[in-house]
Structures are given as structure tokens and as C-alpha cells.
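One structure is given below, encoded as C-alpha cells.
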2 protein chains.
Amino acid sequence: MKIDLNSISVLESIARNGSFAKAAEELNLVRSALTYTVKNIETKLNITIFDRSGHKAQLTPIGKYILEQGSDLLKQAQILEDNIQQIASGWETELHIVYDDIIPLKNLFPLIELFHLECPHIQLHITAERLKGTWEALFTKRADLIIGAAGDFAQAPEISTFTLGQLDFDFAVAPHHPLASLPEPIKNSEIIKYCSVVANDTAKELTPMTTGRLLGQDRIAVNSIHSKFIMQCAGLAVGFLPKIWIHDAVKKGKLIVKKVEKSKAGGNVSVAWNNQKIGKGLQWWLDHLRDKPSQLFTTN
Amino acid sequence: MKIDLNSISVLESIARNGSFAKAAEELNLVRSALTYTVKNIETKLNITIFDRSGHKAQLTPIGKYILEQGSDLLKQAQILEDNIQQIASGWETELHIVYDDIIPLKNLFPLIELFHLECPHIQLHITAERLKGTWEALFTKRADLIIGAAGDFAQAPEISTFTLGQLDFDFAVAPHHPLASLPEPIKNSEIIKYCSVVANDTAKELTPMTTGRLLGQDRIAVNSIHSKFIMQCAGLAVGFLPKIWIHDAVKKGKLIVKKVEKSKAGGNVSVAWNNQKIGKGLQWWLDHLRDKPSQLFTTN
DNA sequence: TTCATTGTTCAAAATACTTGTACAGGTTGT
DNA sequence: ACAACCTGTACAAGTATTTTGAACAATGAA
């Protein structure tokens with residue numbers, strides 16, 4: 001390797017200051033030290049970087065090229081150095097959070113904003129998955145933290161979890177749907193006459209979970225609760241939806257909750273993470289999630 | 001700057017060889033020299049990169065991070081160094097060629113292939129433009145070389161050109177087009193009854209050239225000769241097309257050439273380039289284009 | 001012209017890197 | 001268990017590289 005970061009920053013300083021003398025002052029070096037450094041790299045590369053034929057030194061075309069590209073290199077090295085310091089001080093440089101799409105993303109907004117305020121230098125990656133998809137993200141290390149994961153699949157000792165709370169479901173239909181006008185509780189034999197919509201498991205490797213639907217019923221599979229929700233609002237299909245998802249729609253009359261013969265049991269949702277390398281960023285999330293888990297289940 | 005490229009390559013060697021001793025051998029250094037280097041960078045950054053508690057040194061998590069990111073940095077530095085050498089030896093690292101879309105791209109294939117064979121390390125950027133769009137690319141330095149440029153707009157002393165040859169045009173219509181059955185030569189008064197299609201000038205700043213069409217005629221503007229060609233084949237419109245573009249289609253009966261009252265004069269097309277900084281790559285293209293310009297006008 | 005400034009040269013000084021040897025553990029094979 | 005062979009470290013001595021400062025030639029400004 002003939003080039004080194006120090007030489008590049010010397011070139012950069014000379015170019016920026018317009019002369020060896022000014023750069024020497026900036027770098028707290030004597031002029032001849034810069035002559036030495038520049039000559040050294042010029043000799044190694046067998047090129048000329050500065051044209052010193054005039055009074056002041058001027059970059060040659062190839063010098064300009066080196067400066068341009070070299071500055072990029074310097075910047076990246078600086079970023080690397082900063083990141084090393086950040087990691088060494090216990091903070092991650094980025095954090096991959098996967099949430100189960102059963103939690104409305106907007107309920108995460110307050111935490112995300114606060115985190116950004118307190119740790120603006122940590123890049124958050126927020127991804128939605130469904131059912132076992134969250135666990136898969138954790139096991140494959142695509143996620144550092146999963147929020148709202150269904151059930152408790154933490155078979156491994158390096159996975160820690162705690163329960164966020166319970167999600168309850170209601171059977172919801174559009175006001176103009178035939179089931180809307182039936183007397184309650186609606187029997188399964190009625191429900192299976194109509195199309196249902198299920199939000200698919202997003203797991204690709206783990207065997208997907210199946211979630212309550214009735215045998216023999218037509219069904220559509222979608223890949224998010226939101227798709228399921230708007231499909232039920234449109235009256236295209238029926239099914240169970242989390243109370244937190246339909247609260248507003250029910251208030252506005254866009255969906256109607258019906259009692260059914262066999263209701264769906266509420267399920268616990270959890271937070272889970274890999275306890276092998278807990279950085280301060282992850283700890284921040286764990287602390288805040290433990291503090292007020294209820295904020296994730298709010299309806300406004 | 002606390003990190004330097006040399007230290008990173010030492011870390012890299014140790015990690016790759018699995019021990020300080022092996023790395024020392026590879027680097028032709030003595031073991032203690034590596035201890036020194038590693039300790040040095042560890043002290044500067046105030047971290048530990050290798051865990052030496054066991055028999056052999058093992059990367060710590062942060063060491064792994066440094067290695068990953070640092071290797072990228074090293075690679076880029078190596079590329080920069082290579083590029084500097086390449087430029088210093090007179091070869092560009094990339095070459096931007098803009099051709100007038102009136103030249104079928106496949107006619108450039110033999111030259112492109114040969115160039116890639118002889119100069120695999122120079123990245124070619126080949127872009128199509130129309131009419132003054134080629135000149136604009138040259139003037140704005142988006143292009144190092146333009147091929148098949150229409151006319152001769154080289155007003156500036158730093159632009160050199162030579163003529164490639166002449167392109168002749170025929171008036172072509174689809175066999176099922178009404179004009180196909182008219183007696184020759186077809187009068188302008190007949191032609192203006194039908195839609196024509198023109199390939200637009202792609203220049204954005206220079207005032208676009210207008211190319212022969214009749215006043216009062218409906219017209220469609222497209223942005224490539226190929227679009228114009230297939231539109232005429234489909235019988236959607238009529239117009240002049242370069243002989244080299246329609247040769248095959250005429251042979252297969254997909255287009256019919258008709259004599260017209262006012263034929264379109266053939267035009268010279270040129271090669272042009274900026275003569276301020278001619279690298280060896282550019283020179284190669286100039287030599288080969290001057291050598292056999294006719295290959296660009298072939299019909300197979 | 002004179003004066004300030006620019007970059008270079010060169011020998012000496014300061015710093016940084018490398019070496020070699022000695023040492024304190026581990027691992028392997030018998 | 002033991003020798004033989006690893007591994008990495010410590011430290012003093014040697015070598016290489018970088019920095020300094022003074023003297024100098026070339027340029028530009030007043």
C-alpha cells in the first residue's frame with residue numbers, strides 16, 4: 001500500500017489552504033515537513049501531485065483526482081473511527097427492530113421519536129413481520145429486538161423475553177355485510193358461508209402458524225393486518241380483528257362488532273431479544289418498553 | 001486520525017492467519033512487531049481488538065467490526081491506488097461515449113467488444129442521444145467522445161471532429177398503409193394527410209434541431225429512431241428513415257420505400273471529442289473509428 | 001528596487017518502528 | 001507426566017522514518 005491516510009490529509013490541507021505554508025501552520029508542522037510528505041508520496045506513486053513551477057503550488061489534474069477520491073476515503077475512515085468509539089462506549093451504531101404488524105406502527109411513534117431525540121446517532125431499522133416472522137427475524141439475527149411477538153417461542157437460552165400484554169379480538173363485519181343483520185350470537189354455520197381474510201405468517205423457514213379460521217370457509221390470505229382491516233371494512237370478507245385496530249372504525253360505524261358462537265381467545269404478545277450482546281441502545285428500548293407497555297395498545 | 005491503513009492490514013492478516021505468529025511470517029516481520037502494532041492501535045482507540053486470554057488470539061466483537069469495516073476501507077484504498085497508476089500511465093479509468101441513436105447500437109458492438117478485450121479495466125458508459133443531444137453531452141462534459149453526431153457544431157477550439165460518413169434517408173411506409181399503393185413520386189399534398197413520426201432532439205439546453213417534416217401535418221414525437229421505426233412498421237405513421245435502419249425490414253417486406261416529391265438530403269455524421277485531455281482509451285477509439293468508419297453503417 | 005512570501009534542501013534531532021532474545025503460558029504426542 | 005513445540009509479551013538495542021530549523025532561490029506586491 002503506497003498511500004496512507006495521513007498523507008491524504010496533508011494533501012487535503014494544502015489544497016484547502018492554497019499553500020504549503022498555510023497548511024503547515026494548520027497542521028502545526030514546519031513547511032519542510034510538508035515538502036517531505038508530498039515528495040514522499042509523489043515518489044512512491046511516481047507522479048506529480050502539485051505543480052510548483054509558479055509561486056504557489058497548484059494541483060495537477062491527477063492531484064485533483066487523488067484529492068477527490070482520497071477525501072472520500074478519509075471521510076469513511078473518520079466515520080469508522082467514530083463508530084468504533086461509539087460501539088466501544090456501549091452504543092450500537094444501528095438497531096434492527098422488528099415489530100409484529102398486529103401492533104399499529106403509530107403506537108411505536110412516541111418511542112421512536114424519543115429515541116431519535118436521545119440517540120440521534122443510532123440508525124433505526126424498523127420492519128414489520130407477522131406471527132412467527134418476528135421470531136424468525138430474531139433467530140436469524142436480522143432483528144436485535146422484536147416487539148409484539150405472538151406467543152413465546154424462546155427455546156434458546158440466549159433469547160430473553162417479557163410479556164407486553166394481552167391482545168383481544170372481536171369479530172367484525174362491514175355494516176352492509178349480510179352477517180351484520182343476523183341475530184347474535186352468530187353461528188359458525190352462518191360464518192362459513194362467507195369469505196374470510198387471514199393475515200399470513202411471514203416466516204419463511206419456521207413452519208408458519210395458522211390462526212383461527214373455520215374449516216370449509218373460503219378465505220383470502222393477505223400479508224398485513226392493515227390489508228385484512230380494509231378488506232373487512234369494504235365488506236369483501238369477515239374475520240377477527242384486534243380491538244385496538246378496529247376501535248376507531250367501530251366508533252365511526254365503518255365496522256360492526258358481532259358476538260359469535262365461538263369467540264377468539266386473546267393472546268399474549270411479547271418483547272424478545274438476544275441477550276448475548278445488549279448494547280445501550282437495546283437496553284434503552286427494553287427499559288422504555290417495560291416501563292409503559294400499555295402505550296402500544298392505545299387506540300388513539 | 002487514529003487508525004491507519006497499515007494497521008488495518010496487519011489486523012486483517014492476523015485474523016486471516018489465525019495467529020500473530022503466522023501473520024508475522026506472512027508479513028515478513030517478527031512476532032513482537034505485530035504485538036507492538038496491535039497494542040499501539042488498541043491504546044490509541046482505547047479498546048481491545050484481540051482477546052489473548054487463551055492460547056491463540058481471538059477477535060473480540062469490536063475487533064470483528066473493525067476488521068469488517070476496515071477491510072472495505074483497505075479495498076477502496078487499493079482501488080484508488082490502482083486507478084492513480086492507471087491514470088498516470090495515460091489510461092482513463094472510465095470513458096463516457098455518447099452515440100447518436102441514428103447509429104444502430106449493434107454496429108458499435110465489434111468495437112466495444114474489442115475495447116473490452118484490450119482494455120478490460122476501463123469502464124465504458126455508452127449512452128444514446130439524438131441530434132444536438134450528442135453535442136450537448138460533449139459540451140457539458142458528460143461525454144468524452146460522441147459518435148455519429150449530426151452536423152458539425154464544434155464552435156470551440158477545444159473540440160476536435162472528423163467526419164464518419166454520410167447517412168442517406170428513404171421515405172418508408174408499412175405495406176398496408178394507404179400511401180403504399182399511391183403512384184410514385186408521392187406528392188407532399190398526399191403525405192400531409194397522414195400522421196408522421198419524428199425522433200426528437202434530446203438536447204435540454206441547446207436549442208433543439210428540427211428535422212424535415214411538412215407544415216400542417218399531424219405528427220407524433222418519440223425519443224428514439226427505434227420507436228419511430230416500429231411505429232412506421234406498424235403503419236401508425238410515415239416518415240424518412242435512415243437506409244441502414246430499414247434495410248432488413250424492406251427486404252422482409254415489412255416496410256416499403258416510396259419515392260417522394262421532395263426527398264430528404266443525406267447528412268454527414270461526425271465523431272467529436274474534447275482535445276484538452278486525450279487519454280489512451282479515447283485515442284484508441286479515435287484510431288479505430290478513423291480506421292474503418294464504414295463498419296458503423298453496415299446493414300447486417 | 002525592497003520586502004514579504006513561497007517552496008526546497010540538507011544535516012541534525014526526535015520519533016516511530018523493527019529486531020532479537022528471554023520469558024510465561026498453552027497444546028500435542030508419547 | 002513430560003518433553004517438544006506452539007502461542008503471545010516484554011524490553012533493550014538497532015534501524016527507519018518523520019520532523020525540525022536554518023539557509024537559500026524564486027516569485028509577487030508595493
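Ligands are numbered from 1 in the order shown, residues from 1 within each chain, and chains are lettered A, B, ... in the order they appear in the C-alpha cells.
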
Requested in this report: Identify every residue of chain B that has at least one atom within 12 Å of any atom of chain C, counting only C-alpha atoms (C1' of nucleotides), and report the result as a list in words.
Outcome: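 So the contacting residues turn out to be Ala24, Asn28, Leu29, Val30, Arg31, Ser32, Ala33, Leu34, Thr35, Tyr36, Thr37, Asn40, Arg52, Ser53, Gly54, His55, Lys56 and Ala57 of chain B.
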
Could the residues in this selection be saved with N, CA and C atoms as a short mmCIF file (atom, residue, chain, number, x, y, z; two decimals), in the first residue's frame?
data_model
loop_
_atom_site.label_atom_id
_atom_site.label_comp_id
_atom_site.auth_asym_id
_atom_site.auth_seq_id
_atom_site.Cartn_x
_atom_site.Cartn_y
_atom_site.Cartn_z
N ALA B 24 2.90 -12.80 11.19
CA ALA B 24 4.24 -12.23 11.17
C ALA B 24 5.05 -12.82 10.04
N ASN B 28 6.51 -10.89 6.79
CA ASN B 28 7.96 -10.80 6.93
C ASN B 28 8.37 -9.87 8.08
N LEU B 29 7.69 -10.09 9.18
CA LEU B 29 8.02 -9.31 10.36
C LEU B 29 8.21 -10.29 11.50
N VAL B 30 8.73 -9.78 12.57
CA VAL B 30 8.94 -10.60 13.74
C VAL B 30 7.68 -10.52 14.61
N ARG B 31 7.39 -11.58 15.38
CA ARG B 31 6.14 -11.60 16.14
C ARG B 31 5.93 -10.35 16.99
N SER B 32 6.99 -9.93 17.66
CA SER B 32 6.83 -8.81 18.58
C SER B 32 6.46 -7.51 17.86
N ALA B 33 6.80 -7.46 16.57
CA ALA B 33 6.43 -6.26 15.81
C ALA B 33 4.92 -6.15 15.72
N LEU B 34 4.26 -7.31 15.56
CA LEU B 34 2.80 -7.30 15.48
C LEU B 34 2.19 -6.96 16.83
N THR B 35 2.76 -7.53 17.87
CA THR B 35 2.29 -7.17 19.21
C THR B 35 2.31 -5.66 19.35
N TYR B 36 3.43 -5.08 18.95
CA TYR B 36 3.61 -3.62 19.02
C TYR B 36 2.51 -2.89 18.25
N THR B 37 2.31 -3.29 17.00
CA THR B 37 1.32 -2.59 16.16
C THR B 37 -0.08 -2.69 16.74
N ASN B 40 -0.47 -0.79 19.89
CA ASN B 40 -0.47 0.62 19.56
C ASN B 40 -1.86 1.12 19.19
N ARG B 52 -6.47 -12.17 24.13
CA ARG B 52 -5.30 -13.07 24.21
C ARG B 52 -5.33 -13.92 25.46
N SER B 53 -6.49 -14.07 26.08
CA SER B 53 -6.51 -14.83 27.32
C SER B 53 -6.25 -16.31 27.04
N GLY B 54 -6.66 -16.79 25.89
CA GLY B 54 -6.42 -18.19 25.55
C GLY B 54 -5.04 -18.39 24.95
N HIS B 55 -4.87 -19.54 24.35
CA HIS B 55 -3.58 -19.86 23.72
C HIS B 55 -3.38 -19.00 22.48
N LYS B 56 -4.42 -18.99 21.65
CA LYS B 56 -4.34 -18.20 20.42
C LYS B 56 -5.18 -16.94 20.55
N ALA B 57 -4.80 -15.92 19.81
CA ALA B 57 -5.55 -14.66 19.86
C ALA B 57 -6.89 -14.81 19.16
#

Requested in this report: For range 155-157 of chain B, please output as a PyMOL selection string all residues within 12 Å (counting only C-alpha atoms (C1' of nucleotides); exclusion window: fewer than 5 positions along the same chain).
Outcome: chain B and resi 135+138-139+272-276

N, CA, C and O atoms of the current selection, written as a PDB file, in the first residue's frame:
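Wrote again15.pdb, looks like this:
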ATOM      1  N   TRP B 135     -24.063  16.716 -28.966  1.00  0.00           N
ATOM      2  CA  TRP B 135     -23.158  17.857 -28.778  1.00  0.00           C
ATOM      3  C   TRP B 135     -23.274  18.418 -27.376  1.00  0.00           C
ATOM      4  O   TRP B 135     -22.275  18.795 -26.754  1.00  0.00           O
ATOM      5  N   LEU B 138     -21.270  16.508 -25.048  1.00  0.00           N
ATOM      6  CA  LEU B 138     -19.845  16.813 -25.174  1.00  0.00           C
ATOM      7  C   LEU B 138     -19.507  18.138 -24.489  1.00  0.00           C
ATOM      8  O   LEU B 138     -18.542  18.229 -23.723  1.00  0.00           O
ATOM      9  N   PHE B 139     -20.315  19.159 -24.756  1.00  0.00           N
ATOM     10  CA  PHE B 139     -20.040  20.482 -24.189  1.00  0.00           C
ATOM     11  C   PHE B 139     -20.152  20.485 -22.668  1.00  0.00           C
ATOM     12  O   PHE B 139     -19.403  21.165 -21.982  1.00  0.00           O
ATOM     13  N   ALA B 272     -16.719  13.482 -32.471  1.00  0.00           N
ATOM     14  CA  ALA B 272     -16.146  14.684 -31.863  1.00  0.00           C
ATOM     15  C   ALA B 272     -15.701  14.375 -30.443  1.00  0.00           C
ATOM     16  O   ALA B 272     -16.236  13.466 -29.803  1.00  0.00           O
ATOM     17  N   TRP B 273     -14.707  15.122 -30.000  1.00  0.00           N
ATOM     18  CA  TRP B 273     -14.173  14.887 -28.657  1.00  0.00           C
ATOM     19  C   TRP B 273     -13.480  16.137 -28.145  1.00  0.00           C
ATOM     20  O   TRP B 273     -13.195  17.061 -28.920  1.00  0.00           O
ATOM     21  N   ASN B 274     -13.256  16.151 -26.868  1.00  0.00           N
ATOM     22  CA  ASN B 274     -12.552  17.250 -26.249  1.00  0.00           C
ATOM     23  C   ASN B 274     -11.056  16.980 -26.351  1.00  0.00           C
ATOM     24  O   ASN B 274     -10.558  15.982 -25.833  1.00  0.00           O
ATOM     25  N   ASN B 275     -10.338  17.867 -27.029  1.00  0.00           N
ATOM     26  CA  ASN B 275      -8.912  17.604 -27.264  1.00  0.00           C
ATOM     27  C   ASN B 275      -8.013  18.069 -26.122  1.00  0.00           C
ATOM     28  O   ASN B 275      -6.786  18.005 -26.218  1.00  0.00           O
ATOM     29  N   GLN B 276      -8.618  18.517 -25.020  1.00  0.00           N
ATOM     30  CA  GLN B 276      -7.811  19.013 -23.897  1.00  0.00           C
ATOM     31  C   GLN B 276      -7.120  17.872 -23.152  1.00  0.00           C
ATOM     32  O   GLN B 276      -5.993  17.991 -22.730  1.00  0.00           O
TER      33      GLN B 276
END

Report task. Could you list, as a VMD selection string, the residues of chain B having an atom within 8 Å of chain A when counting only C-alpha atoms? Result -> chain B and resid 1 to 6 45 47 62 65 to 66 69 to 70 73 76 to 78 80 to 81 84 to 85 87 to 88

Requested in this report: List every residue of range 98-259 of chain A that DSSP, applied to the backbone of this structure, places in strand (DSSP E), and write the result as a ChimeraX atom specification.
Outcome: /A:98-100,123-129,145-150,159-167,169-173,196-199,219-222,239-242,256-258

Report task. Please give the complete set of residues from range 121-212 of chain A that DSSP, run on the backbone, assigns to alpha helix (DSSP H), formatted as a PyMOL selection string. Result -> chain A and resi 132-139+188-191

Quick one: contact table of chain D to chain B, 9 Å max, nearest atom pair and distance in Å to one decimal per residue, counting only C-alpha atoms (C1' of nucleotides), chain and number order, as JSON lines?
{"residue": "D:DC6", "atom": "C1'", "partner": "B:His55", "partner_atom": "CA", "distance": 8.9}
{"residue": "D:DT7", "atom": "C1'", "partner": "B:His55", "partner_atom": "CA", "distance": 5.6}
{"residue": "D:DG8", "atom": "C1'", "partner": "B:Phe20", "partner_atom": "CA", "distance": 7.5}
{"residue": "D:DT9", "atom": "C1'", "partner": "B:Thr35", "partner_atom": "CA", "distance": 7.5}

What would the file look like if the residues just selected were written as a compact mmCIF listing (two decimals), in the first residue's frame with C-alpha atoms (C1' of nucleotides)?
# COMPACT_ATOMS: atom_id res chain seq x y z
C1' DC D 6 3.37 -23.85 19.96
C1' DT D 7 1.46 -19.07 21.34
C1' DG D 8 1.95 -14.07 22.56
C1' DT D 9 4.58 -10.46 25.53

Query raised in the report: In Å to one decimal, how far is CA of Ala15 in chain A from CA of Val38 in chain A?
Result: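 Those two atoms sit 11.7 Å apart.
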